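Student: Input: one structure, supplied below.
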Amino acid sequence: MYKAILFDLDGTLTESGEGITKCVQYALEKLGKPEEDQKKLEVFIGPPLMEQFMKYAGLDEETAVKAVKYYRERYSNVGIFENKPYPGVENMLQELKRKKYILAVASSKPEYYVKQILDHFHLTEYFDEIVGSQMDGTRTNKTEVIEEALERLGMKKHRERVIMVGDKEHDVLGARESGLECVAVSYGYGTKEELKEADPLQTVASADELLDFFA
C-alpha cells in the first residue's frame with residue numbers, strides 16, 4: 001500500500017538527546033537563565049528550536065534568535081556528535097531499501113546538520129531525499145518540511161502512498177495536516193500521553209517492530 005516512508009531524525013533514527021540538551025543548557029547559561037536539570041530540556045528535541053526557546057524560557061523573538069545562535073556555537077562542532085543511531089535502525093533501513101521503498105528524512109533540524117549527521121553515521125546512502133529546515137529559521141514547521149519532501153519526491157499527488165514515522169506529537173499532527181498517516185515510535189522523546197492524544201495510526205516500540213509493520 002505504501003510506496004514512500006518519511007522519517008523524522010531526532011528520537012526516531014538517532015538518539016540525539018545528550019547533544020541537544022547540553023547545547024540548550026549552554027545557550028540558557030549564556031542568557032543568564034541556567035537550567036541544571038537536563039531531563040527537563042528534552043522538550044527541545046524535535047520541535048523548532050526558536051519556538052521552543054520562546055515557549056520554555058519566556059523569551060521574546062530577538063532573545064530567542066540569540067539563544068539559537070548560542071546553541072549552534074556548541075552544537076556545530078560538539079553537540080552534533082553527542083548522538084548515535086538507535087539499535088536496529090541501519091538494518092531496518094537496509095531491509096526497507098531491499099523491499100524497494102522510497103525513503104526520505106523529514107526533520108525540523110536544519111538540513112545542513114541533518115546531512116552531516118547521516119553522513120557521520122553512514123546512513124545517507126539509504127535515503128532518496130533528505131529534507132530539513134533552513135539555517136535562517138524558515139521551513140521549521142513539520143507540515144512545511146513534509147510538503148517539501150513530497151515535492152522533491154514527486155509524491156504530492158500520491159499522498160495516500162506516503163507515510164510518516166516520528167516520535168513526537170508534532171510528527172503525527174504535521175503528517176495529518178499534510179493528509180498522511182503516521183506511525184509513532186515509543187522509544188524516542190515523545191511521552192506516552194502526547195502520543196496517545198495525537199492518535200497515530202500505530203505505535204511501535206523498536207526499529208524491528210517498525211520493520212514488521214512494513215513487512
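For the C-alpha cells, the naming scheme is as follows: chains receive sequential letters (A, B, ...) according to their order of presentation, residues are indexed from 1 within each chain, and ligands are indexed from 1 in presentation order.
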Determine which residues of region 25-138 of chain A DSSP labels as helix (DSSP H, G or I) from the backbone of this structure, then write them out as a PyMOL selection string.

Tutor: chain A and resi 25-30+38-44+49-57+61-75+79-81+89-98+111-120+124-126

Student: Wanna dump the region 64-147 of chain A-region 182-185 of chain A contacts at 12 Å for me, each residue with its shortest atom pair and the distance in Å to one decimal, counting only C-alpha atoms, ordered by chain and number, as JSON lines?

Tutor:
```
{"residue": "A:Tyr86", "atom": "CA", "partner": "A:Val185", "partner_atom": "CA", "distance": 11.3}
{"residue": "A:Val89", "atom": "CA", "partner": "A:Val185", "partner_atom": "CA", "distance": 12.0}
{"residue": "A:Ile146", "atom": "CA", "partner": "A:Cys182", "partner_atom": "CA", "distance": 11.6}
```

Student: Since we have the selection now, will you write its residues out, keeping N, CA and C atoms, as an mmCIF file, in the first residue's frame?

Tutor:
```
data_model
loop_
_atom_site.group_PDB
_atom_site.id
_atom_site.type_symbol
_atom_site.label_atom_id
_atom_site.label_comp_id
_atom_site.auth_asym_id
_atom_site.auth_seq_id
_atom_site.Cartn_x
_atom_site.Cartn_y
_atom_site.Cartn_z
ATOM 1 N N TYR A 86 19.719 4.563 16.879
ATOM 2 C CA TYR A 86 19.060 3.602 17.766
ATOM 3 C C TYR A 86 19.374 2.179 17.302
ATOM 4 N N VAL A 89 18.407 0.355 13.676
ATOM 5 C CA VAL A 89 17.994 1.325 12.659
ATOM 6 C C VAL A 89 18.633 1.046 11.297
ATOM 7 N N ILE A 146 7.367 18.351 5.554
ATOM 8 C CA ILE A 146 6.730 17.216 4.864
ATOM 9 C C ILE A 146 6.333 17.604 3.441
#
```

Student: For Ile102 (chain A), which residue among A:Asp167, A:Ser76, A:Phe127, A:Leu118 is the nearest when counting only C-alpha atoms?

Tutor: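 Using only C-alpha atoms, the shortest distance to Ile102 (chain A) belongs to A:Phe127.
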
Student: For Val131 (chain A), find every residue with an atom within 12 Å (counting only C-alpha atoms), except residues of its own chain fewer than 2 positions away, and show them as a ChimeraX atom specification.

Tutor: /A:6-9,103-115,118,124,127-129,133-134,139-140,142-153

Student: Would you kindly return, as JSON, numbers by chain, each protein, DNA or RNA residue with an atom no farther than 7 Å from any atom of Asp208 (chain A), considering only C-alpha atoms and excluding same-chain residues fewer than 3 positions away?

Tutor: {"A": [88, 92, 211, 212]}

Student: With N, CA and C atoms retained, export the selected residues as a PDB file, in the first residue's frame.

Tutor:
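And here's out.pdb as it stands now:
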```
ATOM      1  N   GLY A  88      19.232  -1.302  15.739  1.00  0.00           N
ATOM      2  CA  GLY A  88      18.428  -1.890  14.664  1.00  0.00           C
ATOM      3  C   GLY A  88      18.057  -0.942  13.540  1.00  0.00           C
ATOM      4  N   MET A  92      17.104  -1.970   9.663  1.00  0.00           N
ATOM      5  CA  MET A  92      15.745  -1.646   9.212  1.00  0.00           C
ATOM      6  C   MET A  92      15.785  -0.887   7.877  1.00  0.00           C
ATOM      7  N   LEU A 211       9.969  -2.389  11.232  1.00  0.00           N
ATOM      8  CA  LEU A 211      10.226  -3.201  10.031  1.00  0.00           C
ATOM      9  C   LEU A 211       9.090  -4.201   9.820  1.00  0.00           C
ATOM     10  N   ASP A 212       8.626  -4.815  10.904  1.00  0.00           N
ATOM     11  CA  ASP A 212       7.496  -5.754  10.824  1.00  0.00           C
ATOM     12  C   ASP A 212       6.247  -5.071  10.293  1.00  0.00           C
TER      13      ASP A 212
END
```

Student: Mind pulling up the distance from CA of Lys66 (chain A) to CA of Ile45 (chain A)?

Tutor: 18.5 Å

Student: Can you work out which one of A:Ser206, A:Thr191, A:Ser178, A:Thr63 has the shortest atom-to-atom distance to Leu28 (chain A), counting only C-alpha atoms?

Tutor: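 Among A:Ser206, A:Thr191, A:Ser178, A:Thr63, it is A:Thr63 that comes nearest to Leu28 (chain A).
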
Student: Looking only at strand (DSSP E or B) from DSSP on the backbone, list the matching residues of region 15-111 of chain A as a list in words.

Tutor: Glu15, Lys84, Pro85, Ile102, Leu103, Ala104, Val105, Ala106, Ser107, Ser108, Lys109 and Pro110 of chain A

Student: Between A:Arg98, A:Lys3, A:Arg74, A:Lys39, which residue has the minimum interatomic distance to Ala27 (chain A), considering only C-alpha atoms?

Tutor: A:Arg74

Student: Can you tell me which residues surround Lys33 (chain A) at a distance of at most 12 Å, considering only C-alpha atoms, apart from same-chain residues fewer than 6 positions away, and format the answer as a list in words?

Tutor: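 Contacts, in chain order: Val24, Gln25, Tyr26, Ala27, Phe53, Tyr56, Ala57, Gly58, Leu59, Thr63 and Ala67 of chain A.
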
Student: Kindly export the residues of the current selection with N, CA, C and O atoms, as a compact mmCIF listing (two decimals), in the first residue's frame.

Tutor:
```txt
# COMPACT_ATOMS: atom_id res chain seq x y z
N VAL A 24 21.32 23.33 24.64
CA VAL A 24 20.28 24.22 25.19
C VAL A 24 20.76 24.77 26.54
O VAL A 24 20.64 25.97 26.82
N GLN A 25 21.35 23.89 27.36
CA GLN A 25 21.91 24.31 28.66
C GLN A 25 22.94 25.42 28.47
O GLN A 25 22.93 26.42 29.17
N TYR A 26 23.82 25.21 27.50
CA TYR A 26 24.88 26.17 27.17
C TYR A 26 24.27 27.53 26.79
O TYR A 26 24.70 28.58 27.28
N ALA A 27 23.24 27.49 25.93
CA ALA A 27 22.59 28.73 25.48
C ALA A 27 21.88 29.44 26.63
O ALA A 27 22.01 30.67 26.78
N PHE A 53 12.49 27.80 22.52
CA PHE A 53 13.16 28.73 23.44
C PHE A 53 12.17 29.78 23.95
O PHE A 53 12.16 30.12 25.14
N TYR A 56 9.66 27.85 26.34
CA TYR A 56 10.25 27.29 27.56
C TYR A 56 10.77 28.37 28.50
O TYR A 56 10.55 28.33 29.71
N ALA A 57 11.50 29.34 27.94
CA ALA A 57 12.18 30.33 28.79
C ALA A 57 11.49 31.69 28.77
O ALA A 57 12.01 32.66 29.33
N GLY A 58 10.34 31.76 28.08
CA GLY A 58 9.60 33.03 28.02
C GLY A 58 10.38 34.13 27.32
O GLY A 58 10.30 35.30 27.70
N LEU A 59 11.14 33.77 26.28
CA LEU A 59 11.97 34.77 25.59
C LEU A 59 11.17 35.49 24.51
O LEU A 59 10.28 34.91 23.90
N THR A 63 15.56 37.79 21.60
CA THR A 63 16.40 37.00 22.52
C THR A 63 16.43 35.54 22.08
O THR A 63 17.47 34.87 22.21
N ALA A 67 19.49 33.04 21.41
CA ALA A 67 19.56 31.70 22.03
C ALA A 67 19.95 30.64 20.98
O ALA A 67 20.79 29.78 21.24
```

Student: Near Gln38 (chain A), counting only C-alpha atoms, which residues have an atom at most 10 Å away, once you skip same-chain residues fewer than 6 positions from it, shown as a list of chain:residue names?

Tutor: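 Contacts, with the query itself left out: A:Gly17, A:Glu18, A:Ile20, A:Thr21, A:Lys22, A:Val24, A:Gln25.
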
Student: Can you spit out the residues from that selection as a PDB file, in the first residue's frame, using C-alpha atoms?

Tutor:
```pdb
ATOM      1  CA  GLY A  17      19.135  13.944  23.367  1.00  0.00           C
ATOM      2  CA  GLU A  18      22.509  14.409  25.036  1.00  0.00           C
ATOM      3  CA  ILE A  20      20.643  18.810  22.105  1.00  0.00           C
ATOM      4  CA  THR A  21      20.010  19.224  25.845  1.00  0.00           C
ATOM      5  CA  LYS A  22      23.647  20.158  26.582  1.00  0.00           C
ATOM      6  CA  VAL A  24      20.283  24.217  25.188  1.00  0.00           C
ATOM      7  CA  GLN A  25      21.906  24.306  28.661  1.00  0.00           C
TER       8      GLN A  25
END
```

Student: Go through A:Ala4, A:Glu36, A:Asn91, A:Phe121 and flag the residue nearest Lys156 (chain A), using only C-alpha atoms for the distances.

Tutor: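 Among the listed residues, A:Ala4 lies closest to Lys156 (chain A).
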
Student: Work out how far apart CA of Phe214 (chain A) and CA of Ser186 (chain A) are and give it in Å to one decimal.

Tutor: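 Separation between CA of Phe214 (chain A) and CA of Ser186 (chain A): 16.7 Å.
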
Student: Using only C-alpha atoms, find the one residue out of A:Gln94, A:Lys55, A:Leu180, A:Lys99 that sits nearest to His158 (chain A).

Tutor: A:Leu180
